[in-house]
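Enquirer: The structure's right below; bear with me while I get my questions together.
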Amino acid sequence: MFSAIGKVIKWIGQHFFGMLFLLIVLLVLMPTSTTELKPANLQEIQLAGPIIDAEMILKEIEEIQKDPKIKGVLLNVNSPGGAVPPSIEIAYAIKALKEHKPVVAYASGMMTSGSYYASIYANTIIANPGSIVGSIGVIMESANIEELMDTIGVKTQIVKEGTYKEAGTPTREWTDEERAELERLTKDTYELFVSDVANARGLDIKHAKAYADAHIFSAKRAKDAGLIDYVGVKSQAKAEVEKLANVTDPRWKEKDKLESFMEQFATKGMMQLQNYFYGLKASF
(Lines give C-alpha, C1' and ligand atoms only; values in the text may rest on other atoms or scores of the structure.)
Protein backbone atom coordinates (compact mmCIF):
# COMPACT_ATOMS: atom_id res chain seq x y z
CA MET A 1 0.00 0.00 0.00
CA PHE A 2 2.73 2.47 1.01
CA SER A 3 4.64 1.50 -2.12
CA ALA A 4 1.65 2.40 -4.30
CA ILE A 5 1.22 5.77 -2.53
CA GLY A 6 4.92 6.44 -2.98
CA LYS A 7 4.68 5.77 -6.72
CA VAL A 8 1.72 8.18 -7.02
CA ILE A 9 3.64 10.92 -5.17
CA LYS A 10 6.69 10.31 -7.36
CA TRP A 11 4.57 10.54 -10.55
CA ILE A 12 2.99 13.82 -9.38
CA GLY A 13 6.43 15.23 -8.67
CA GLN A 14 7.71 14.25 -12.12
CA HIS A 15 4.69 15.72 -13.93
CA PHE A 16 3.95 18.68 -11.67
CA PHE A 17 4.70 21.41 -14.21
CA GLY A 18 2.75 19.65 -16.94
CA MET A 19 -0.28 19.36 -14.66
CA LEU A 20 0.10 22.99 -13.60
CA PHE A 21 0.15 24.12 -17.25
CA LEU A 22 -2.93 22.01 -18.00
CA LEU A 23 -4.75 23.53 -15.02
CA ILE A 24 -3.93 27.08 -16.19
CA VAL A 25 -5.21 26.29 -19.70
CA LEU A 26 -8.46 24.89 -18.28
CA LEU A 27 -8.95 27.95 -16.07
CA VAL A 28 -8.39 30.27 -19.02
CA LEU A 29 -10.68 28.45 -21.43
CA MET A 30 -13.53 27.40 -19.14
CA PRO A 31 -16.71 29.56 -19.12
CA THR A 32 -16.65 32.33 -16.52
CA SER A 33 -20.29 31.97 -15.57
CA THR A 34 -23.36 29.80 -16.07
CA THR A 35 -24.88 32.51 -18.30
CA GLU A 36 -22.65 31.24 -21.10
CA LEU A 37 -24.84 28.11 -21.18
CA LYS A 38 -27.59 30.26 -22.69
CA PRO A 39 -26.92 31.81 -26.11
CA ALA A 40 -26.04 35.51 -25.91
CA ASN A 41 -28.30 37.97 -27.70
CA LEU A 42 -26.19 41.15 -27.36
CA GLN A 43 -22.53 41.81 -28.13
CA GLU A 44 -19.88 44.44 -27.47
CA ILE A 45 -17.22 45.40 -30.02
CA GLN A 46 -14.06 47.13 -28.86
CA LEU A 47 -12.48 49.86 -30.99
CA ALA A 48 -9.35 50.75 -29.01
CA GLY A 49 -6.03 52.32 -29.87
CA PRO A 50 -4.93 53.90 -33.14
CA ILE A 51 -6.74 52.66 -36.24
CA ILE A 52 -4.00 51.15 -38.38
CA ASP A 53 -5.77 48.11 -39.82
CA ALA A 54 -9.48 47.25 -39.81
CA GLU A 55 -9.40 43.53 -40.63
CA MET A 56 -10.05 42.21 -37.11
CA ILE A 57 -12.98 44.48 -36.34
CA LEU A 58 -14.47 44.01 -39.82
CA LYS A 59 -14.35 40.24 -39.30
CA GLU A 60 -16.08 40.66 -35.94
CA ILE A 61 -18.81 42.82 -37.50
CA GLU A 62 -19.29 40.30 -40.31
CA GLU A 63 -19.69 37.45 -37.81
CA ILE A 64 -22.31 39.46 -35.91
CA GLN A 65 -24.14 40.14 -39.18
CA LYS A 66 -24.38 36.40 -39.81
CA ASP A 67 -25.36 35.45 -36.24
CA PRO A 68 -29.17 35.53 -35.91
CA LYS A 69 -28.92 35.18 -32.12
CA ILE A 70 -27.24 38.60 -31.70
CA LYS A 71 -29.95 41.28 -31.67
CA GLY A 72 -27.98 44.41 -30.75
CA VAL A 73 -24.43 45.75 -30.59
CA LEU A 74 -22.43 48.15 -28.41
CA LEU A 75 -19.44 49.74 -30.16
CA ASN A 76 -17.13 50.71 -27.29
CA VAL A 77 -14.70 53.36 -28.59
CA ASN A 78 -11.48 54.61 -27.03
CA SER A 79 -9.29 55.61 -29.96
CA PRO A 80 -7.51 58.76 -31.13
CA GLY A 81 -8.22 57.91 -34.78
CA GLY A 82 -5.76 56.74 -37.39
CA ALA A 83 -5.41 55.98 -41.07
CA VAL A 84 -8.11 57.09 -43.49
CA PRO A 85 -9.11 53.89 -45.36
CA PRO A 86 -9.59 51.58 -42.34
CA SER A 87 -11.58 54.27 -40.50
CA ILE A 88 -13.94 54.54 -43.46
CA GLU A 89 -14.15 50.73 -43.77
CA ILE A 90 -15.35 50.47 -40.17
CA ALA A 91 -17.83 53.33 -40.61
CA TYR A 92 -19.49 51.70 -43.59
CA ALA A 93 -19.46 48.26 -41.98
CA ILE A 94 -21.32 49.74 -38.99
CA LYS A 95 -23.72 51.44 -41.41
CA ALA A 96 -24.50 48.09 -43.04
CA LEU A 97 -24.83 46.34 -39.67
CA LYS A 98 -27.31 48.98 -38.48
CA GLU A 99 -29.67 48.00 -41.30
CA HIS A 100 -30.26 44.69 -39.52
CA LYS A 101 -29.34 45.22 -35.86
CA PRO A 102 -29.26 48.36 -33.71
CA VAL A 103 -25.81 49.73 -32.88
CA VAL A 104 -24.99 52.10 -30.04
CA ALA A 105 -21.56 53.76 -30.14
CA TYR A 106 -20.12 54.61 -26.72
CA ALA A 107 -17.19 56.98 -26.22
CA SER A 108 -15.50 55.46 -23.19
CA GLY A 109 -12.39 57.63 -23.56
CA MET A 110 -11.49 59.19 -26.90
CA MET A 111 -13.81 59.25 -29.90
CA THR A 112 -11.85 61.54 -32.17
CA SER A 113 -10.89 61.83 -35.82
CA GLY A 114 -11.05 58.39 -37.47
CA SER A 115 -12.72 56.74 -34.50
CA TYR A 116 -15.49 59.35 -34.59
CA TYR A 117 -15.84 58.71 -38.33
CA ALA A 118 -16.14 54.98 -37.55
CA SER A 119 -19.01 55.72 -35.14
CA ILE A 120 -21.18 58.19 -37.06
CA TYR A 121 -23.64 55.65 -38.51
CA ALA A 122 -24.60 54.12 -35.16
CA ASN A 123 -28.26 54.44 -34.19
CA THR A 124 -27.22 56.35 -31.08
CA ILE A 125 -23.94 57.86 -29.90
CA ILE A 126 -23.39 58.17 -26.15
CA ALA A 127 -20.29 59.69 -24.56
CA ASN A 128 -18.83 59.30 -21.10
CA PRO A 129 -18.92 62.69 -19.28
CA GLY A 130 -15.13 62.77 -19.20
CA SER A 131 -14.56 61.66 -22.79
CA ILE A 132 -13.14 63.67 -25.69
CA VAL A 133 -15.10 63.81 -28.95
CA GLY A 134 -14.61 65.34 -32.40
CA SER A 135 -11.38 66.47 -34.03
CA ILE A 136 -13.03 66.21 -37.43
CA GLY A 137 -10.05 67.00 -39.61
CA VAL A 138 -7.28 65.50 -41.74
CA ILE A 139 -3.53 65.75 -41.33
CA MET A 140 -0.64 64.83 -43.61
CA GLU A 141 2.90 65.28 -42.39
CA SER A 142 6.48 64.34 -43.07
CA ALA A 143 9.79 65.30 -41.49
CA ASN A 144 12.34 67.47 -43.33
CA ILE A 145 15.69 65.80 -42.68
CA GLU A 146 17.64 67.72 -45.31
CA GLU A 147 19.90 69.47 -42.79
CA LEU A 148 20.57 66.20 -40.97
CA MET A 149 21.52 64.50 -44.24
CA ASP A 150 23.88 67.37 -45.08
CA THR A 151 25.50 67.09 -41.64
CA ILE A 152 26.21 63.38 -41.93
CA GLY A 153 27.04 63.57 -45.63
CA VAL A 154 24.15 61.62 -47.16
CA LYS A 155 22.71 62.48 -50.58
CA THR A 156 19.78 60.94 -52.41
CA GLN A 157 19.83 59.63 -55.99
CA ILE A 158 16.48 59.59 -57.72
CA VAL A 159 15.14 58.66 -61.13
CA LYS A 160 11.50 59.60 -61.57
CA GLU A 161 8.71 60.33 -64.02
CA GLY A 162 5.84 62.56 -62.99
CA THR A 163 5.98 66.07 -61.57
CA TYR A 164 4.51 65.09 -58.21
CA LYS A 165 6.21 61.70 -57.73
CA GLU A 166 8.34 63.13 -54.90
CA ALA A 167 5.49 65.00 -53.24
CA GLY A 168 5.84 64.46 -49.51
CA THR A 169 9.50 63.49 -49.58
CA PRO A 170 11.32 63.91 -46.23
CA THR A 171 14.71 64.50 -47.89
CA ARG A 172 14.12 68.17 -48.74
CA GLU A 173 11.65 71.03 -48.41
CA TRP A 174 8.59 70.59 -50.58
CA THR A 175 8.12 72.78 -53.62
CA ASP A 176 5.11 75.08 -53.82
CA GLU A 177 3.59 72.81 -56.46
CA GLU A 178 4.06 69.71 -54.30
CA ARG A 179 2.55 71.39 -51.26
CA ALA A 180 -0.45 72.53 -53.30
CA GLU A 181 -0.95 68.96 -54.57
CA LEU A 182 -0.93 67.54 -51.03
CA GLU A 183 -3.24 70.29 -49.81
CA ARG A 184 -5.74 69.33 -52.52
CA LEU A 185 -5.59 65.73 -51.35
CA THR A 186 -6.19 66.60 -47.69
CA LYS A 187 -8.99 69.00 -48.69
CA ASP A 188 -10.74 66.26 -50.70
CA THR A 189 -10.47 63.86 -47.75
CA TYR A 190 -11.67 66.48 -45.28
CA GLU A 191 -14.70 67.32 -47.44
CA LEU A 192 -15.58 63.61 -47.61
CA PHE A 193 -15.30 63.39 -43.80
CA VAL A 194 -17.49 66.45 -43.20
CA SER A 195 -20.06 65.37 -45.78
CA ASP A 196 -20.46 61.92 -44.21
CA VAL A 197 -20.72 63.40 -40.70
CA ALA A 198 -23.35 65.91 -41.84
CA ASN A 199 -25.42 63.23 -43.59
CA ALA A 200 -25.13 60.69 -40.78
CA ARG A 201 -25.88 63.15 -37.97
CA GLY A 202 -28.40 65.35 -39.80
CA LEU A 203 -26.22 68.45 -39.51
CA ASP A 204 -26.10 71.46 -41.82
CA ILE A 205 -22.93 71.21 -43.88
CA LYS A 206 -23.04 74.99 -44.38
CA HIS A 207 -22.29 75.36 -40.66
CA ALA A 208 -19.51 72.77 -40.59
CA LYS A 209 -17.10 75.22 -38.93
CA ALA A 210 -19.14 74.87 -35.74
CA TYR A 211 -18.85 71.09 -35.39
CA ALA A 212 -15.89 70.18 -37.65
CA ASP A 213 -12.75 72.24 -38.34
CA ALA A 214 -10.84 69.83 -36.02
CA HIS A 215 -12.60 71.20 -32.92
CA ILE A 216 -11.98 68.99 -29.87
CA PHE A 217 -15.08 68.81 -27.66
CA SER A 218 -15.91 67.68 -24.16
CA ALA A 219 -18.90 65.33 -24.07
CA LYS A 220 -21.28 68.14 -23.13
CA ARG A 221 -20.08 70.43 -25.92
CA ALA A 222 -20.16 67.54 -28.39
CA LYS A 223 -23.85 67.06 -27.55
CA ASP A 224 -24.50 70.77 -28.01
CA ALA A 225 -22.78 70.60 -31.41
CA GLY A 226 -24.89 67.60 -32.46
CA LEU A 227 -22.03 65.10 -32.67
CA ILE A 228 -23.50 62.80 -30.01
CA ASP A 229 -26.99 62.08 -28.67
CA TYR A 230 -26.48 61.66 -24.94
CA VAL A 231 -23.92 62.05 -22.19
CA GLY A 232 -23.82 58.96 -20.01
CA VAL A 233 -21.88 56.00 -18.67
CA LYS A 234 -21.43 52.51 -20.05
CA SER A 235 -24.36 50.99 -18.13
CA GLN A 236 -26.63 53.55 -19.79
CA ALA A 237 -25.17 52.77 -23.20
CA LYS A 238 -25.80 49.04 -22.65
CA ALA A 239 -29.35 49.80 -21.50
CA GLU A 240 -29.88 51.76 -24.73
CA VAL A 241 -28.74 48.74 -26.77
CA GLU A 242 -31.11 46.49 -24.85
CA LYS A 243 -34.00 48.90 -25.47
CA LEU A 244 -33.32 49.30 -29.19
CA ALA A 245 -32.83 45.54 -29.60
CA ASN A 246 -36.12 44.94 -27.80
CA VAL A 247 -34.82 41.94 -25.87
CA THR A 248 -36.70 40.87 -22.74
CA ASP A 249 -33.87 38.72 -21.40
CA PRO A 250 -30.61 40.57 -22.23
CA ARG A 251 -27.54 38.34 -22.26
CA TRP A 252 -24.22 39.91 -23.26
CA LYS A 253 -21.72 37.74 -25.05
CA GLU A 254 -18.55 37.24 -23.04
CA LYS A 255 -15.20 36.66 -24.69
CA ASP A 256 -13.07 33.94 -23.19
CA LYS A 257 -10.08 35.03 -21.14
CA LEU A 258 -7.50 33.95 -23.70
CA GLU A 259 -9.19 35.93 -26.50
CA SER A 260 -9.47 39.01 -24.28
CA PHE A 261 -5.82 38.74 -23.34
CA MET A 262 -4.73 38.50 -26.98
CA GLU A 263 -6.86 41.53 -27.94
CA GLN A 264 -5.40 43.60 -25.10
CA PHE A 265 -1.92 42.54 -26.15
CA ALA A 266 -2.59 43.56 -29.76
CA THR A 267 -4.06 46.91 -28.66
CA LYS A 268 -1.01 47.70 -26.55
CA GLY A 269 1.19 46.82 -29.50
CA MET A 270 -0.71 49.23 -31.74
CA MET A 271 -0.42 51.95 -29.12
CA GLN A 272 3.34 51.49 -29.26
CA LEU A 273 3.28 51.78 -33.04
CA GLN A 274 1.58 55.14 -32.66
CA ASN A 275 4.89 56.47 -31.33
CA TYR A 276 6.64 55.74 -34.63
CA PHE A 277 5.94 57.59 -37.86
CA TYR A 278 6.82 56.05 -41.17
CA GLY A 279 5.96 57.18 -44.67
CA LEU A 280 3.63 59.95 -45.81
CA LYS A 281 -0.07 59.33 -45.39
CA ALA A 282 -3.22 61.24 -44.69
CA SER A 283 -4.76 60.37 -41.34
CA PHE A 284 -7.75 61.34 -39.26
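Identifiers for the C-alpha coordinates are assigned positionally: chains receive A, B, ... in sequence, residues are indexed from 1 per chain, and ligands are indexed from 1 in the order shown.
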Can you pull out the residues contacting Ile45 in chain A? Cut-off 10 Å, using only C-alpha atoms, and skip same-chain residues under 3 positions away; I want them as a ChimeraX atom specification.
Expert: /A:48,57,60-61,64,73-77,105
Enquirer: Excluding Lys155 in chain A and any residue of its chain fewer than 4 positions from it, enumerate the residues within 12 Å of it, using only C-alpha atoms, and give them as a list in words.
Expert: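 Surrounding residues, per the criterion: Ile145, Glu146, Glu147, Leu148, Met149, Asp150, Thr151, Thr171 and Arg172 of chain A.
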Enquirer: Could you name the residues that touch range 197-201 of chain A at 8 Å or less, counting only C-alpha atoms, but leaving out those on the same chain fewer than 5 positions away, as a list in words?
Expert: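 The contact residues come out as Tyr117, Ile120, Tyr121, Ala208, Gly226 and Leu227 of chain A.
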Enquirer: What is the CA of Ala40 in chain A to CA of Arg251 in chain A distance in Å?
Expert: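 Separating CA of Ala40 in chain A from CA of Arg251 in chain A is a distance of 4.9 Å.
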Enquirer: Find the distance between CA of Ala118 in chain A and CA of Asp196 in chain A and write it in Å to one decimal.
Expert: 10.5 Å
Enquirer: What parts of range 41-268 of chain A does DSSP call strand (DSSP E or B)? I'd like the answer as a PyMOL selection string.
Expert: chain A and resi 42-48+51+72-79+82-83+103-112+124-127+132-134+139-140+216-218+230-231+252
Enquirer: Using only C-alpha atoms, find the one residue out of A:Leu185, A:Ala210, A:Ile126, A:Leu42 that sits nearest to Asp67 in chain A.
Expert: A:Leu42
Enquirer: Could you name the residues that touch range 69-71 of chain A at 8 Å or less, counting only C-alpha atoms, but leaving out those on the same chain fewer than 5 positions away, as an mmCIF file with N, CA, C and O atoms, in the first residue's frame?
Expert:
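Result saved to selection-v2.cif:
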```
data_model
loop_
_atom_site.group_PDB
_atom_site.id
_atom_site.type_symbol
_atom_site.label_atom_id
_atom_site.label_comp_id
_atom_site.auth_asym_id
_atom_site.auth_seq_id
_atom_site.Cartn_x
_atom_site.Cartn_y
_atom_site.Cartn_z
ATOM 1 N N PRO A 39 -27.497 31.019 -25.019
ATOM 2 C CA PRO A 39 -26.916 31.814 -26.110
ATOM 3 C C PRO A 39 -27.073 33.307 -25.867
ATOM 4 O O PRO A 39 -28.138 33.778 -25.470
ATOM 5 N N ALA A 40 -26.003 34.056 -26.084
ATOM 6 C CA ALA A 40 -26.038 35.509 -25.909
ATOM 7 C C ALA A 40 -26.872 36.143 -27.012
ATOM 8 O O ALA A 40 -26.939 35.633 -28.137
ATOM 9 N N ASN A 41 -27.517 37.261 -26.682
ATOM 10 C CA ASN A 41 -28.302 37.968 -27.703
ATOM 11 C C ASN A 41 -27.817 39.407 -27.920
ATOM 12 O O ASN A 41 -28.383 40.135 -28.725
ATOM 13 N N LEU A 42 -26.775 39.817 -27.194
ATOM 14 C CA LEU A 42 -26.186 41.146 -27.361
ATOM 15 C C LEU A 42 -24.671 41.015 -27.347
ATOM 16 O O LEU A 42 -24.128 40.118 -26.708
ATOM 17 N N GLN A 43 -23.990 41.925 -28.054
ATOM 18 C CA GLN A 43 -22.527 41.805 -28.132
ATOM 19 C C GLN A 43 -21.859 43.175 -28.130
ATOM 20 O O GLN A 43 -22.382 44.139 -28.689
ATOM 21 N N ILE A 64 -21.075 39.025 -36.573
ATOM 22 C CA ILE A 64 -22.307 39.457 -35.911
ATOM 23 C C ILE A 64 -23.449 39.555 -36.922
ATOM 24 O O ILE A 64 -24.591 39.181 -36.631
ATOM 25 N N LYS A 101 -29.389 45.285 -37.313
ATOM 26 C CA LYS A 101 -29.338 45.216 -35.861
ATOM 27 C C LYS A 101 -28.951 46.586 -35.311
ATOM 28 O O LYS A 101 -28.058 47.228 -35.858
ATOM 29 N N PRO A 102 -29.600 47.042 -34.249
ATOM 30 C CA PRO A 102 -29.256 48.361 -33.711
ATOM 31 C C PRO A 102 -27.836 48.394 -33.157
ATOM 32 O O PRO A 102 -27.366 47.424 -32.558
ATOM 33 N N ALA A 245 -32.770 46.924 -29.121
ATOM 34 C CA ALA A 245 -32.826 45.543 -29.601
ATOM 35 C C ALA A 245 -34.125 44.859 -29.204
ATOM 36 O O ALA A 245 -34.457 43.792 -29.735
ATOM 37 N N VAL A 247 -34.997 43.267 -26.460
ATOM 38 C CA VAL A 247 -34.821 41.939 -25.870
ATOM 39 C C VAL A 247 -35.363 41.961 -24.440
ATOM 40 O O VAL A 247 -35.113 42.900 -23.685
#
```
Enquirer: For a test of reading the model, state the distance in Å between CA of Glu63 in chain A and CA of Trp252 in chain A, rounded to one decimal.
Expert: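 About the pair CA of Glu63 in chain A and CA of Trp252 in chain A: they are 15.4 Å apart.
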Enquirer: Calculated over only C-alpha atoms, which of the candidates A:Tyr190, A:Tyr164, A:Tyr106, A:Trp174 has the smallest distance to Ala219 in chain A?
Expert: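 Counting only C-alpha atoms, the residue closest to Ala219 in chain A is A:Tyr106.
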Enquirer: With DSSP run on the backbone, what are the alpha helix (DSSP H) residues within range 100-224 of chain A? I'd like them as JSON, numbers by chain.
Expert: {"A": [114, 115, 116, 117, 118, 119, 146, 147, 148, 149, 150, 151, 152, 176, 177, 178, 179, 180, 181, 182, 183, 184, 185, 186, 187, 188, 189, 190, 191, 192, 193, 194, 195, 196, 197, 198, 199, 200, 201, 208, 209, 210, 211, 219, 220, 221, 222, 223, 224]}
Enquirer: Could you name the residues that touch Leu47 in chain A at 12 Å or less, counting only C-alpha atoms, but leaving out those on the same chain fewer than 3 positions away, as a ChimeraX atom specification?
Expert: /A:44,50-58,60-61,74-82,86-87,90-91,94,105-112,114-119,263-264,266-267,270
Enquirer: Set the distance at 8 Å and use only C-alpha atoms: which residues neighbour Thr124 in chain A once local chain neighbours fewer than 4 positions away are removed? I'd like the list as a PDB file with all heavy atoms, in the first residue's frame.
Expert:
```pdb
ATOM      1  N   VAL A 103     -27.174  49.532 -33.363  1.00  0.00           N
ATOM      2  CA  VAL A 103     -25.807  49.727 -32.880  1.00  0.00           C
ATOM      3  C   VAL A 103     -25.761  51.021 -32.063  1.00  0.00           C
ATOM      4  O   VAL A 103     -26.214  52.070 -32.528  1.00  0.00           O
ATOM      5  CB  VAL A 103     -24.799  49.827 -34.044  1.00  0.00           C
ATOM      6  CG1 VAL A 103     -23.379  50.030 -33.507  1.00  0.00           C
ATOM      7  CG2 VAL A 103     -24.858  48.585 -34.930  1.00  0.00           C
ATOM      8  N   VAL A 104     -25.227  50.921 -30.871  1.00  0.00           N
ATOM      9  CA  VAL A 104     -24.989  52.103 -30.036  1.00  0.00           C
ATOM     10  C   VAL A 104     -23.485  52.277 -29.913  1.00  0.00           C
ATOM     11  O   VAL A 104     -22.772  51.353 -29.518  1.00  0.00           O
ATOM     12  CB  VAL A 104     -25.621  51.955 -28.640  1.00  0.00           C
ATOM     13  CG1 VAL A 104     -25.194  53.111 -27.732  1.00  0.00           C
ATOM     14  CG2 VAL A 104     -27.131  51.893 -28.743  1.00  0.00           C
ATOM     15  N   ALA A 105     -22.990  53.453 -30.288  1.00  0.00           N
ATOM     16  CA  ALA A 105     -21.563  53.758 -30.137  1.00  0.00           C
ATOM     17  C   ALA A 105     -21.362  54.475 -28.816  1.00  0.00           C
ATOM     18  O   ALA A 105     -22.098  55.422 -28.500  1.00  0.00           O
ATOM     19  CB  ALA A 105     -21.075  54.620 -31.292  1.00  0.00           C
ATOM     20  N   ILE A 228     -23.042  63.960 -30.763  1.00  0.00           N
ATOM     21  CA  ILE A 228     -23.503  62.800 -30.005  1.00  0.00           C
ATOM     22  C   ILE A 228     -24.957  63.036 -29.596  1.00  0.00           C
ATOM     23  O   ILE A 228     -25.483  64.145 -29.721  1.00  0.00           O
ATOM     24  CB  ILE A 228     -22.635  62.530 -28.761  1.00  0.00           C
ATOM     25  CG1 ILE A 228     -22.802  63.662 -27.737  1.00  0.00           C
ATOM     26  CG2 ILE A 228     -21.170  62.368 -29.138  1.00  0.00           C
ATOM     27  CD1 ILE A 228     -22.175  63.362 -26.388  1.00  0.00           C
ATOM     28  N   ASP A 229     -25.589  61.969 -29.070  1.00  0.00           N
ATOM     29  CA  ASP A 229     -26.992  62.075 -28.673  1.00  0.00           C
ATOM     30  C   ASP A 229     -27.170  62.278 -27.176  1.00  0.00           C
ATOM     31  O   ASP A 229     -28.042  63.030 -26.755  1.00  0.00           O
ATOM     32  CB  ASP A 229     -27.742  60.815 -29.114  1.00  0.00           C
ATOM     33  CG  ASP A 229     -27.718  60.651 -30.621  1.00  0.00           C
ATOM     34  OD1 ASP A 229     -28.358  61.455 -31.310  1.00  0.00           O
ATOM     35  OD2 ASP A 229     -27.038  59.728 -31.110  1.00  0.00           O
TER      36      ASP A 229
END
```
